[in-house]
Amino acid sequence: MRCSTIWKRFRLRLRYLARHSERQRLLWEEMDFHIQSMTEELVASGMPEPEARAAARRKFGNMTRNSEEARSVWIVRWMSDLAQDLRQAFRGMRRDAGFTTFVILIAGLGIGASATVFSVVNALLLRPLPFRDPERLVWIANVEWSMQVSQYLDLRERNKSFSDLAGSAGYGVGDIELTGTGEPERLTSAPVTQNFFTLLGVQPMIGRSFAVEECRGRSDTPPAALLSYGFWQRRFASDRGVVGRKLTLDNKPVMVVGVLPASFDFASVFAPGTPVDVFIPWPLTDETNGHGNTMQAIGRLRPGATAEGAQAEFTVLAKQLEIQHPERNPVKPRLTTLQRHVNGRVSPALIVLACAVGVVMLIVCANLSNLQLARLGTRQKEMAMRAALGAGRSRLLRQMLTESVALSCCGAALGLILAIAGTRAIAHLDAFNIPLLASVRLDGDALGFTLLAAALTGVLFGWLPALEVRSFAVGEMLKDGSRGSSAGHRSGLGHAWVRNGLVVSEVAFACTLLVAAGLLLRSFLRVLDVDPGFQPEGVATLRVDPSFQFSGLVQQNSYIDEVLRRTRSLPGMRAAGLTDVLPLEGDRSWQVSGKGQVYPKDRHPEAYIRVVSDGYFESVGIRLQAGRKFTERDRASSEPVAMVNETLARTLWPGQDAVGKVVTQDGGRRVVGVVGDVRHEALEKAGDSEMYLPMRQTLDYPAMNLVVRTVLPPDRLAPAVRAALRPIDSNLPVREFTTLQELVDKAVSPRRFLVLLLAGFAAFALILASLGIYAVISYSVSQRVQEIGIRMALGASATHLQSRILLRTFGLAALGLGLGMAASRALTSTLGSLLFGVTPGDPFTFIGIGALLIVVAALAGYFPARRASRIDPMVALRAS
Amino acid sequence: MGTDKPKADLLPGTLDMLVLKMLMRGHLHGYAIAQLIQQLSDDLLRVEEGSLYPALQRLELNGWIEGEWGLSANNRRARFYKLTPDGRKHLAEESASYRQVTGAVARIMGFAS
């Protein structure tokens, strides 16, 4: 009942509000009747009519006032005030179009940047992963990599922490080949266990997930496949009929059993930057167990279990397994929540970005505050007039705040447009190796954030000026406020320290941002400067796996011979070779040892395996350190050989010459050469042990990449190579060439992303800070025109005046700089892992940024100073 | 702009209660309400017009009275108010609490017999 009356009252109020002008008229009529009645009564008691009317009116009092009084009951008072303030604010905006444009632009840029960064942070860090109960999902890795099928099976069987485990096996770009209908195409497939989608809580959009019997065959002949949404759209034009049809994958028929929903983006979570086209079953059999460490597992925690508890349990289980099954590859389970696994790598960068954008917003607010204050100076009379006409202090304060919030809301409108453009651009950064980037969009959360940012900005930058209003002495202002050095100066001094403080803090904030951006930029340049062990310029690569299965090494050898011969004969080729994995991609590692060496099981040397042909080292630009490179005479029929990199040579034969030694692989391979290390994991990380096997001596490689060093642009290359290779294999599906430079760019893309955004913010901050300095100095000059005039009349030289003003500028800048430098020094150590090759206190960056800020401050102060020195004393004095 | 609150020469809420009480007698317009209060109190309570109309607006907003336009005794358009069931209930509550308060005041002051 209580609720219903409240509702009734609310409705009444609304109705009153809606018909506000009619109510007003009726109220007047009602009160008019009252006066009429009183008049009649007075007349009846013998008073003459005009006098009676006057008396009645007198008695009734001020009718306007009464009607307003009565009205104030039903129009919520502040709403009418708000409307008035808004009208006032918009009138003011029209009057000061320049000021308004500037404020909206600055606020818009600031809010746009914040909303964009918020959207990124929201998508990558805050929003839960697109799975059922994602907080219960745990990533289970073998140290950092994958584990053997048998180990996975036993862990799954024995653990008590998880309701179930699922897994996916490693895969490479363009692993399988689609032929039959349409253009042949290389697809990227991800092998997953039968329960993978069930465990994540992902339902196929059409069709079904894998059946148990579909996960029992051999891993290289998958009976069924699920299509990713993107691939289904692209290749099959969203045809629902594709489910139930058979595709030819690697020359074998595979049934399409379902299509996954658009919301399931495997790649963005598990393998950023490599979109997956199809999913195939990963059988858990002896055959797959024989592939070695292949599986990455995900577990769903039982209710009440924690990731920490599970870690403890898995550590114990792994020890037991090692004792019971010494023949298996050891497993050292490392568990992290899936959320952490996905965004752990990018979260420091994102936190830095979020802080940076927060600092930018503070600078924006300080700047706008300063502008408002300056504008207030010219509006003192207006305010005084309002106060004289009866506006209370709180009312003036509110008016100022309304004005600033209205301005920042206009800025937010602009900011939203910028943020929409920004998030779109970011979501389409396909080449960026950052998880979940594609899901960045401006959603309800971001809208709410923008509104909040707008309101907060408005209040923050309107606050100081609004407080300043209170200090107006009405009487004095109404007198001619421009009484030169007395009145104008007085009020100028009143908030001079506020304005100076704002500028100092702007400079300090800008300094911090610039230092952070400078350090990261220098790190980025250092990373680009790293010698990766190869020379990516002018190197292009292409998958050239044949569309048929090799019957044996003889056929394979002649295929390789032909491919290389035909490619090398093309004009513009400087070198050509084959490899199974490209630098910065793939991570297949084996245990290796020199002949006769015995190592304890847990300290057995491991090396990354690269299966390459002759010409590979020349193409990629890997330097030979000793011995010889592979030649085309290292074939199936010749002596088994291998090459090692310097690290492996040092590991296996410390202090000795590796050339001529024998490794135990494949019954013994003689090392013929030593090459330099390649940074294959990340540019920031030194390379590990690597062993190279000649491609013509093995069939055990996951892919065949043609690598060419050429002077031709890659897009001109593709048709020529395609034409050259067609005679060998007419079904050869040829994707576009990718360049090695693209791989390097992708590897540094998260860093580039961060540096680009941060540098943008820092530049914006620098511009704002310099504008702030300029505004304050030129305002103080314009306030002191007469004082300067007098000084000049009394003989002060122009240079003297100029240097005084410049000195003041430097004073402000130096104070800001000092504070900013101290803050930066304290904060940059938190950048930690984001820095590479520079220390948090890198003197070069600090000195450079300091010099930059001083120069900018000098420029910002120079123009007002020059203006001041050109003041004609006579004109200045006469003006008053 | 700044406004002064009407002088509170009665206990707060008393005017509202008096207006409601008057409307127990039937449909009345604002002038009649003012007249009636004055007459019934032997000219002791004079309702200020400046307070009456805001009070009427307030009461109507709260749904305790309802106004409608009608013709006065001398055939002029006037706004007549009537009590709603909610208003009747509110009046009962108000008078009960008023009686309590005045009773208490009276006891303290030693007026009670």
# chains A, B, ... in the order shown; residues from 1 in each chain; ligands from 1
>>> closest_atom_pairs(of="chain B", to="chain A", cutoff="9 Å", atoms="only C-alpha atoms", output="CSV")
residue,atom,partner,partner_atom,distance
B:Met1,CA,A:Ala391,CA,5.0
B:Gly2,CA,A:Gly392,CA,6.2
B:Thr3,CA,A:Glu69,CA,8.7
B:His29,CA,A:His34,CA,8.7
B:Gly30,CA,A:His34,CA,7.0
B:Tyr31,CA,A:His34,CA,5.3
B:Ala32,CA,A:His34,CA,8.8
B:Glu48,CA,A:Phe60,CA,7.8
B:Glu49,CA,A:Phe60,CA,5.8
B:Gly50,CA,A:Asn66,CA,5.4
B:Ser51,CA,A:Asn66,CA,8.1
B:Leu52,CA,A:Ala70,CA,8.7
B:Tyr53,CA,A:Ala70,CA,5.8
B:Pro54,CA,A:Ala70,CA,3.9
B:Ala55,CA,A:Ala70,CA,7.6
B:Leu56,CA,A:Ala70,CA,8.4
B:Gln57,CA,A:Ala70,CA,6.4
B:Arg58,CA,A:Val73,CA,6.1
B:Glu60,CA,A:Leu12,CA,8.7
B:Leu61,CA,A:Leu12,CA,6.2
B:Asn62,CA,A:Arg9,CA,5.6
B:Gly63,CA,A:Arg9,CA,6.6
B:Arg76,CA,A:Phe33,CA,7.9
B:Arg77,CA,A:Phe33,CA,7.5
B:Ala78,CA,A:Glu30,CA,6.2
B:Arg79,CA,A:Glu30,CA,6.2
>>> select_by_dssp(residues="region 190-410 of chain A", states="strand (DSSP E)", output="PDB file with N, CA and C atoms, in the first residue's frame")
ATOM      1  N   ALA A 190      42.663 -27.104 -35.245  1.00  0.00           N
ATOM      2  CA  ALA A 190      43.053 -27.325 -33.856  1.00  0.00           C
ATOM      3  C   ALA A 190      42.486 -28.667 -33.417  1.00  0.00           C
ATOM      4  N   PRO A 191      43.362 -29.633 -33.052  1.00  0.00           N
ATOM      5  CA  PRO A 191      42.858 -30.908 -32.545  1.00  0.00           C
ATOM      6  C   PRO A 191      42.462 -30.757 -31.069  1.00  0.00           C
ATOM      7  N   VAL A 192      41.226 -31.161 -30.747  1.00  0.00           N
ATOM      8  CA  VAL A 192      40.754 -31.030 -29.365  1.00  0.00           C
ATOM      9  C   VAL A 192      40.168 -32.353 -28.894  1.00  0.00           C
ATOM     10  N   ILE A 206      25.249 -24.832 -34.923  1.00  0.00           N
ATOM     11  CA  ILE A 206      24.506 -25.790 -35.746  1.00  0.00           C
ATOM     12  C   ILE A 206      25.181 -27.141 -35.523  1.00  0.00           C
ATOM     13  N   GLY A 207      24.368 -28.193 -35.562  1.00  0.00           N
ATOM     14  CA  GLY A 207      24.944 -29.523 -35.451  1.00  0.00           C
ATOM     15  C   GLY A 207      25.352 -29.844 -34.020  1.00  0.00           C
ATOM     16  N   ALA A 224      35.666 -36.542 -38.325  1.00  0.00           N
ATOM     17  CA  ALA A 224      34.682 -35.469 -38.203  1.00  0.00           C
ATOM     18  C   ALA A 224      35.401 -34.140 -37.962  1.00  0.00           C
ATOM     19  N   ALA A 225      34.697 -33.055 -38.267  1.00  0.00           N
ATOM     20  CA  ALA A 225      35.283 -31.734 -38.024  1.00  0.00           C
ATOM     21  C   ALA A 225      34.192 -30.754 -37.648  1.00  0.00           C
ATOM     22  N   LEU A 226      34.550 -29.796 -36.820  1.00  0.00           N
ATOM     23  CA  LEU A 226      33.652 -28.668 -36.505  1.00  0.00           C
ATOM     24  C   LEU A 226      34.263 -27.430 -37.151  1.00  0.00           C
ATOM     25  N   LEU A 227      33.410 -26.577 -37.709  1.00  0.00           N
ATOM     26  CA  LEU A 227      33.920 -25.380 -38.366  1.00  0.00           C
ATOM     27  C   LEU A 227      33.848 -24.181 -37.420  1.00  0.00           C
ATOM     28  N   LYS A 246      30.525 -33.834 -46.552  1.00  0.00           N
ATOM     29  CA  LYS A 246      31.903 -34.297 -46.365  1.00  0.00           C
ATOM     30  C   LYS A 246      32.870 -33.350 -47.052  1.00  0.00           C
ATOM     31  N   LEU A 247      33.932 -32.978 -46.364  1.00  0.00           N
ATOM     32  CA  LEU A 247      34.981 -32.163 -46.954  1.00  0.00           C
ATOM     33  C   LEU A 247      36.193 -33.042 -47.199  1.00  0.00           C
ATOM     34  N   THR A 248      37.032 -32.641 -48.149  1.00  0.00           N
ATOM     35  CA  THR A 248      38.269 -33.386 -48.360  1.00  0.00           C
ATOM     36  C   THR A 248      39.396 -32.639 -47.669  1.00  0.00           C
ATOM     37  N   LEU A 249      39.820 -33.212 -46.549  1.00  0.00           N
ATOM     38  CA  LEU A 249      40.927 -32.608 -45.808  1.00  0.00           C
ATOM     39  C   LEU A 249      42.111 -33.544 -45.910  1.00  0.00           C
ATOM     40  N   LYS A 252      41.472 -36.824 -47.427  1.00  0.00           N
ATOM     41  CA  LYS A 252      40.621 -37.811 -46.777  1.00  0.00           C
ATOM     42  C   LYS A 252      39.252 -37.174 -46.521  1.00  0.00           C
ATOM     43  N   PRO A 253      38.187 -37.948 -46.664  1.00  0.00           N
ATOM     44  CA  PRO A 253      36.857 -37.350 -46.430  1.00  0.00           C
ATOM     45  C   PRO A 253      36.620 -37.132 -44.940  1.00  0.00           C
ATOM     46  N   VAL A 254      36.149 -35.948 -44.613  1.00  0.00           N
ATOM     47  CA  VAL A 254      35.876 -35.624 -43.214  1.00  0.00           C
ATOM     48  C   VAL A 254      34.478 -35.033 -43.131  1.00  0.00           C
ATOM     49  N   MET A 255      33.672 -35.575 -42.224  1.00  0.00           N
ATOM     50  CA  MET A 255      32.279 -35.142 -42.077  1.00  0.00           C
ATOM     51  C   MET A 255      32.223 -33.859 -41.240  1.00  0.00           C
ATOM     52  N   VAL A 256      31.507 -32.863 -41.748  1.00  0.00           N
ATOM     53  CA  VAL A 256      31.284 -31.659 -40.941  1.00  0.00           C
ATOM     54  C   VAL A 256      30.123 -31.947 -40.001  1.00  0.00           C
ATOM     55  N   VAL A 257      30.393 -31.959 -38.699  1.00  0.00           N
ATOM     56  CA  VAL A 257      29.309 -32.297 -37.764  1.00  0.00           C
ATOM     57  C   VAL A 257      28.701 -31.060 -37.132  1.00  0.00           C
ATOM     58  N   GLY A 258      29.350 -29.903 -37.232  1.00  0.00           N
ATOM     59  CA  GLY A 258      28.753 -28.722 -36.605  1.00  0.00           C
ATOM     60  C   GLY A 258      29.523 -27.464 -36.914  1.00  0.00           C
ATOM     61  N   VAL A 259      28.891 -26.351 -36.550  1.00  0.00           N
ATOM     62  CA  VAL A 259      29.513 -25.034 -36.687  1.00  0.00           C
ATOM     63  C   VAL A 259      29.488 -24.371 -35.321  1.00  0.00           C
ATOM     64  N   VAL A 278      39.186 -24.952 -38.598  1.00  0.00           N
ATOM     65  CA  VAL A 278      38.395 -26.129 -38.239  1.00  0.00           C
ATOM     66  C   VAL A 278      38.964 -26.791 -36.977  1.00  0.00           C
ATOM     67  N   PHE A 279      38.064 -27.513 -36.303  1.00  0.00           N
ATOM     68  CA  PHE A 279      38.476 -28.287 -35.123  1.00  0.00           C
ATOM     69  C   PHE A 279      38.303 -29.755 -35.479  1.00  0.00           C
ATOM     70  N   ILE A 280      39.324 -30.545 -35.130  1.00  0.00           N
ATOM     71  CA  ILE A 280      39.237 -31.972 -35.403  1.00  0.00           C
ATOM     72  C   ILE A 280      39.455 -32.710 -34.092  1.00  0.00           C
ATOM     73  N   PRO A 281      38.970 -33.958 -34.024  1.00  0.00           N
ATOM     74  CA  PRO A 281      39.106 -34.696 -32.752  1.00  0.00           C
ATOM     75  C   PRO A 281      40.559 -35.075 -32.499  1.00  0.00           C
ATOM     76  N   ASN A 293      55.230 -34.787 -26.254  1.00  0.00           N
ATOM     77  CA  ASN A 293      54.497 -33.736 -25.532  1.00  0.00           C
ATOM     78  C   ASN A 293      53.660 -32.926 -26.510  1.00  0.00           C
ATOM     79  N   THR A 294      52.369 -33.149 -26.468  1.00  0.00           N
ATOM     80  CA  THR A 294      51.513 -32.497 -27.449  1.00  0.00           C
ATOM     81  C   THR A 294      50.375 -31.716 -26.814  1.00  0.00           C
ATOM     82  N   MET A 295      49.992 -32.061 -25.570  1.00  0.00           N
ATOM     83  CA  MET A 295      48.692 -31.584 -25.074  1.00  0.00           C
ATOM     84  C   MET A 295      48.782 -30.451 -24.067  1.00  0.00           C
ATOM     85  N   GLN A 296      47.870 -29.524 -24.246  1.00  0.00           N
ATOM     86  CA  GLN A 296      47.662 -28.499 -23.234  1.00  0.00           C
ATOM     87  C   GLN A 296      46.287 -28.754 -22.640  1.00  0.00           C
ATOM     88  N   ALA A 297      46.199 -28.734 -21.336  1.00  0.00           N
ATOM     89  CA  ALA A 297      44.948 -29.157 -20.712  1.00  0.00           C
ATOM     90  C   ALA A 297      44.258 -27.991 -20.012  1.00  0.00           C
ATOM     91  N   ILE A 298      42.931 -28.132 -19.939  1.00  0.00           N
ATOM     92  CA  ILE A 298      42.129 -27.187 -19.174  1.00  0.00           C
ATOM     93  C   ILE A 298      41.290 -28.006 -18.215  1.00  0.00           C
ATOM     94  N   GLY A 299      41.165 -27.565 -16.990  1.00  0.00           N
ATOM     95  CA  GLY A 299      40.344 -28.282 -16.043  1.00  0.00           C
ATOM     96  C   GLY A 299      39.225 -27.405 -15.518  1.00  0.00           C
ATOM     97  N   ARG A 300      38.106 -28.047 -15.191  1.00  0.00           N
ATOM     98  CA  ARG A 300      37.025 -27.311 -14.540  1.00  0.00           C
ATOM     99  C   ARG A 300      36.999 -27.721 -13.078  1.00  0.00           C
ATOM    100  N   LEU A 301      37.240 -26.774 -12.185  1.00  0.00           N
ATOM    101  CA  LEU A 301      37.326 -27.078 -10.751  1.00  0.00           C
ATOM    102  C   LEU A 301      35.993 -27.583 -10.219  1.00  0.00           C
ATOM    103  N   PRO A 333      53.484 -30.172 -13.683  1.00  0.00           N
ATOM    104  CA  PRO A 333      52.265 -29.398 -13.930  1.00  0.00           C
ATOM    105  C   PRO A 333      52.376 -28.000 -13.320  1.00  0.00           C
ATOM    106  N   ARG A 334      51.983 -27.022 -14.100  1.00  0.00           N
ATOM    107  CA  ARG A 334      51.887 -25.664 -13.568  1.00  0.00           C
ATOM    108  C   ARG A 334      50.495 -25.155 -13.875  1.00  0.00           C
ATOM    109  N   LEU A 335      49.756 -24.825 -12.809  1.00  0.00           N
ATOM    110  CA  LEU A 335      48.351 -24.470 -12.981  1.00  0.00           C
ATOM    111  C   LEU A 335      48.139 -22.970 -12.770  1.00  0.00           C
ATOM    112  N   THR A 336      47.410 -22.382 -13.681  1.00  0.00           N
ATOM    113  CA  THR A 336      46.992 -20.983 -13.504  1.00  0.00           C
ATOM    114  C   THR A 336      45.538 -20.895 -13.919  1.00  0.00           C
ATOM    115  N   THR A 337      44.819 -19.951 -13.357  1.00  0.00           N
ATOM    116  CA  THR A 337      43.441 -19.810 -13.815  1.00  0.00           C
ATOM    117  C   THR A 337      43.487 -19.411 -15.281  1.00  0.00           C
TER     118      THR A 337
END
>>> closest_residue(among="A:Leu187, A:Leu436, A:Cys215, A:Leu732", to="Thr285 (chain A)", atoms="only C-alpha atoms")
A:Cys215
>>> select_by_dssp(residues="region 28-94 of chain B", states="helix (DSSP H, G or I)", output="JSON, numbers by chain")
{"B": [30, 31, 32, 33, 34, 35, 36, 37, 38, 39, 40, 49, 50, 51, 52, 53, 54, 55, 56, 57, 58, 59, 60, 61, 85, 86, 87, 88, 89, 90, 91, 92, 93, 94]}
>>> atom_distance(atom1="CA of Thr579 (chain A)", atom2="CA of Val611 (chain A)")
5.6 Å
>>> residues_around(residues="region 21-27 of chain B", least_positions_apart="4", cutoff="10 Å", atoms="only C-alpha atoms", output="PyMOL selection string")
chain B and resi 15-17+32-34+36-37+40+65-68+70+79-84+87-88+91-92+95
>>> residues_around(residues="Glu632 (chain A)", least_positions_apart="2", cutoff="9 Å", atoms="only C-alpha atoms", output="PyMOL selection string")
chain A and resi 561+613-615+630+634-635+696
>>> write_last_selection(atoms="N, CA and C atoms", output="PDB file, in the first residue's frame")
ATOM      1  N   ASP A 561      64.097 -31.418 -54.500  1.00  0.00           N
ATOM      2  CA  ASP A 561      65.028 -30.976 -55.539  1.00  0.00           C
ATOM      3  C   ASP A 561      64.319 -30.089 -56.555  1.00  0.00           C
ATOM      4  N   SER A 613      66.308 -27.577 -45.363  1.00  0.00           N
ATOM      5  CA  SER A 613      67.037 -28.033 -46.545  1.00  0.00           C
ATOM      6  C   SER A 613      68.240 -27.130 -46.757  1.00  0.00           C
ATOM      7  N   ASP A 614      69.035 -27.470 -47.753  1.00  0.00           N
ATOM      8  CA  ASP A 614      70.122 -26.571 -48.121  1.00  0.00           C
ATOM      9  C   ASP A 614      69.516 -25.256 -48.601  1.00  0.00           C
ATOM     10  N   GLY A 615      70.211 -24.177 -48.436  1.00  0.00           N
ATOM     11  CA  GLY A 615      69.699 -22.877 -48.870  1.00  0.00           C
ATOM     12  C   GLY A 615      68.909 -22.164 -47.783  1.00  0.00           C
ATOM     13  N   PHE A 630      74.307 -27.466 -44.588  1.00  0.00           N
ATOM     14  CA  PHE A 630      73.750 -28.586 -45.359  1.00  0.00           C
ATOM     15  C   PHE A 630      73.873 -28.253 -46.837  1.00  0.00           C
ATOM     16  N   ASP A 634      73.356 -33.792 -48.932  1.00  0.00           N
ATOM     17  CA  ASP A 634      72.914 -34.435 -47.677  1.00  0.00           C
ATOM     18  C   ASP A 634      71.517 -34.987 -47.930  1.00  0.00           C
ATOM     19  N   ARG A 635      71.482 -36.225 -48.449  1.00  0.00           N
ATOM     20  CA  ARG A 635      70.208 -36.788 -48.886  1.00  0.00           C
ATOM     21  C   ARG A 635      69.924 -38.078 -48.137  1.00  0.00           C
ATOM     22  N   ARG A 696      66.034 -33.712 -46.316  1.00  0.00           N
ATOM     23  CA  ARG A 696      66.032 -34.867 -47.221  1.00  0.00           C
ATOM     24  C   ARG A 696      66.320 -36.179 -46.486  1.00  0.00           C
TER      25      ARG A 696
END
>>> residues_around(residues="region 362-375 of chain A", least_positions_apart="2", cutoff="9 Å", atoms="only C-alpha atoms", output="number ranges by chain")
A: 99, 103, 106-107, 110, 357-360, 377-380, 404, 457-458, 460-466, 468, 495, 498-499, 502-503, 505-507, 509-510, 765, 768-769, 771-772, 775-776, 779
>>> write_last_selection(atoms="C-alpha atoms", output="short mmCIF file (atom, residue, chain, number, x, y, z; two decimals), in the first residue's frame")
data_model
loop_
_atom_site.label_atom_id
_atom_site.label_comp_id
_atom_site.auth_asym_id
_atom_site.auth_seq_id
_atom_site.Cartn_x
_atom_site.Cartn_y
_atom_site.Cartn_z
CA PHE A 99 36.38 28.84 -25.75
CA VAL A 103 36.92 22.92 -24.24
CA ILE A 106 40.02 18.81 -25.30
CA ALA A 107 37.40 17.11 -23.17
CA GLY A 110 40.40 13.01 -23.28
CA VAL A 357 44.82 7.63 -19.57
CA GLY A 358 43.83 8.55 -16.03
CA VAL A 359 46.76 10.97 -15.88
CA VAL A 360 45.75 12.40 -19.24
CA GLY A 377 38.16 36.77 -14.74
CA THR A 378 36.32 38.36 -17.62
CA ARG A 379 32.96 37.37 -16.16
CA GLN A 380 33.47 38.86 -12.72
CA SER A 404 31.21 22.86 -16.73
CA THR A 457 35.37 15.73 -15.55
CA GLY A 458 32.74 18.43 -15.41
CA LEU A 460 36.44 18.27 -11.35
CA PHE A 461 37.20 21.09 -13.74
CA GLY A 462 34.27 23.21 -12.61
CA TRP A 463 35.06 22.87 -8.94
CA LEU A 464 37.90 25.34 -8.52
CA PRO A 465 36.30 28.08 -10.59
CA ALA A 466 33.03 27.55 -8.72
CA GLU A 468 36.44 31.04 -6.74
CA HIS A 495 43.52 32.85 -7.52
CA VAL A 498 45.46 28.21 -7.81
CA ARG A 499 46.27 28.80 -11.45
CA LEU A 502 47.25 23.83 -11.78
CA VAL A 503 50.00 24.53 -14.31
CA SER A 505 50.60 19.84 -11.68
CA GLU A 506 49.93 19.72 -15.41
CA VAL A 507 53.64 19.86 -16.13
CA PHE A 509 51.74 14.83 -14.84
CA ALA A 510 52.89 15.39 -18.40
CA ALA A 765 49.66 15.65 -22.40
CA LEU A 768 47.95 20.39 -22.99
CA ALA A 769 50.67 21.28 -20.53
CA LEU A 771 48.81 25.30 -23.57
CA GLY A 772 48.36 25.52 -19.82
CA ALA A 775 47.35 30.43 -20.94
CA VAL A 776 48.58 31.27 -17.45
CA TYR A 779 46.62 35.81 -18.72
#
>>> atom_distance(atom1="CA of Trp590 (chain A)", atom2="CA of Tyr608 (chain A)")
6.4 Å
>>> atom_distance(atom1="CA of Ile140 (chain A)", atom2="CA of Pro702 (chain A)")
24.2 Å
>>> closest_residue(among="A:Ala508, A:Val202, A:Ala419, A:Ile609", to="Ser114 (chain A)", atoms="only C-alpha atoms")
A:Ala419
>>> decode(residues="region 337-342 of chain A", atoms="all heavy atoms", output="JSON list (two decimals), in the first residue's frame")
[["chain", "number", "residue", "atom", "x", "y", "z"],
["A", 337, "THR", "N", 44.82, -19.95, -13.36],
["A", 337, "THR", "CA", 43.44, -19.81, -13.82],
["A", 337, "THR", "C", 43.49, -19.41, -15.28],
["A", 337, "THR", "O", 44.43, -18.76, -15.74],
["A", 337, "THR", "CB", 42.68, -18.73, -13.02],
["A", 337, "THR", "OG1", 43.36, -17.50, -13.23],
["A", 337, "THR", "CG2", 42.64, -19.06, -11.55],
["A", 338, "LEU", "N", 42.47, -19.83, -16.00],
["A", 338, "LEU", "CA", 42.47, -19.59, -17.44],
["A", 338, "LEU", "C", 42.51, -18.10, -17.72],
["A", 338, "LEU", "O", 43.21, -17.62, -18.60],
["A", 338, "LEU", "CB", 41.22, -20.23, -18.07],
["A", 338, "LEU", "CG", 41.21, -20.24, -19.59],
["A", 338, "LEU", "CD1", 42.39, -20.98, -20.15],
["A", 338, "LEU", "CD2", 39.93, -20.85, -20.12],
["A", 339, "GLN", "N", 41.75, -17.36, -16.94],
["A", 339, "GLN", "CA", 41.72, -15.90, -17.11],
["A", 339, "GLN", "C", 43.14, -15.33, -17.02],
["A", 339, "GLN", "O", 43.55, -14.53, -17.84],
["A", 339, "GLN", "CB", 40.83, -15.30, -16.01],
["A", 339, "GLN", "CG", 40.67, -13.80, -16.08],
["A", 339, "GLN", "CD", 39.56, -13.38, -17.01],
["A", 339, "GLN", "OE1", 38.50, -13.98, -17.03],
["A", 339, "GLN", "NE2", 39.79, -12.35, -17.79],
["A", 340, "ARG", "N", 43.87, -15.82, -16.02],
["A", 340, "ARG", "CA", 45.22, -15.32, -15.82],
["A", 340, "ARG", "C", 46.15, -15.76, -16.94],
["A", 340, "ARG", "O", 47.00, -15.01, -17.39],
["A", 340, "ARG", "CB", 45.74, -15.83, -14.47],
["A", 340, "ARG", "CG", 46.69, -14.88, -13.83],
["A", 340, "ARG", "CD", 47.26, -15.39, -12.55],
["A", 340, "ARG", "NE", 48.64, -14.94, -12.46],
["A", 340, "ARG", "CZ", 48.98, -13.67, -12.41],
["A", 340, "ARG", "NH1", 48.07, -12.74, -12.42],
["A", 340, "ARG", "NH2", 50.24, -13.31, -12.35],
["A", 341, "HIS", "N", 45.94, -17.00, -17.37],
["A", 341, "HIS", "CA", 46.75, -17.50, -18.46],
["A", 341, "HIS", "C", 46.56, -16.63, -19.70],
["A", 341, "HIS", "O", 47.49, -16.33, -20.43],
["A", 341, "HIS", "CB", 46.38, -18.94, -18.78],
["A", 341, "HIS", "CG", 46.95, -19.45, -20.06],
["A", 341, "HIS", "ND1", 48.28, -19.75, -20.20],
["A", 341, "HIS", "CD2", 46.39, -19.66, -21.28],
["A", 341, "HIS", "CE1", 48.50, -20.14, -21.44],
["A", 341, "HIS", "NE2", 47.38, -20.09, -22.11],
["A", 342, "VAL", "N", 45.30, -16.25, -19.93],
["A", 342, "VAL", "CA", 44.99, -15.50, -21.15],
["A", 342, "VAL", "C", 45.51, -14.06, -21.06],
["A", 342, "VAL", "O", 46.14, -13.55, -21.97],
["A", 342, "VAL", "CB", 43.46, -15.51, -21.40],
["A", 342, "VAL", "CG1", 43.11, -14.55, -22.52],
["A", 342, "VAL", "CG2", 43.03, -16.92, -21.75]]
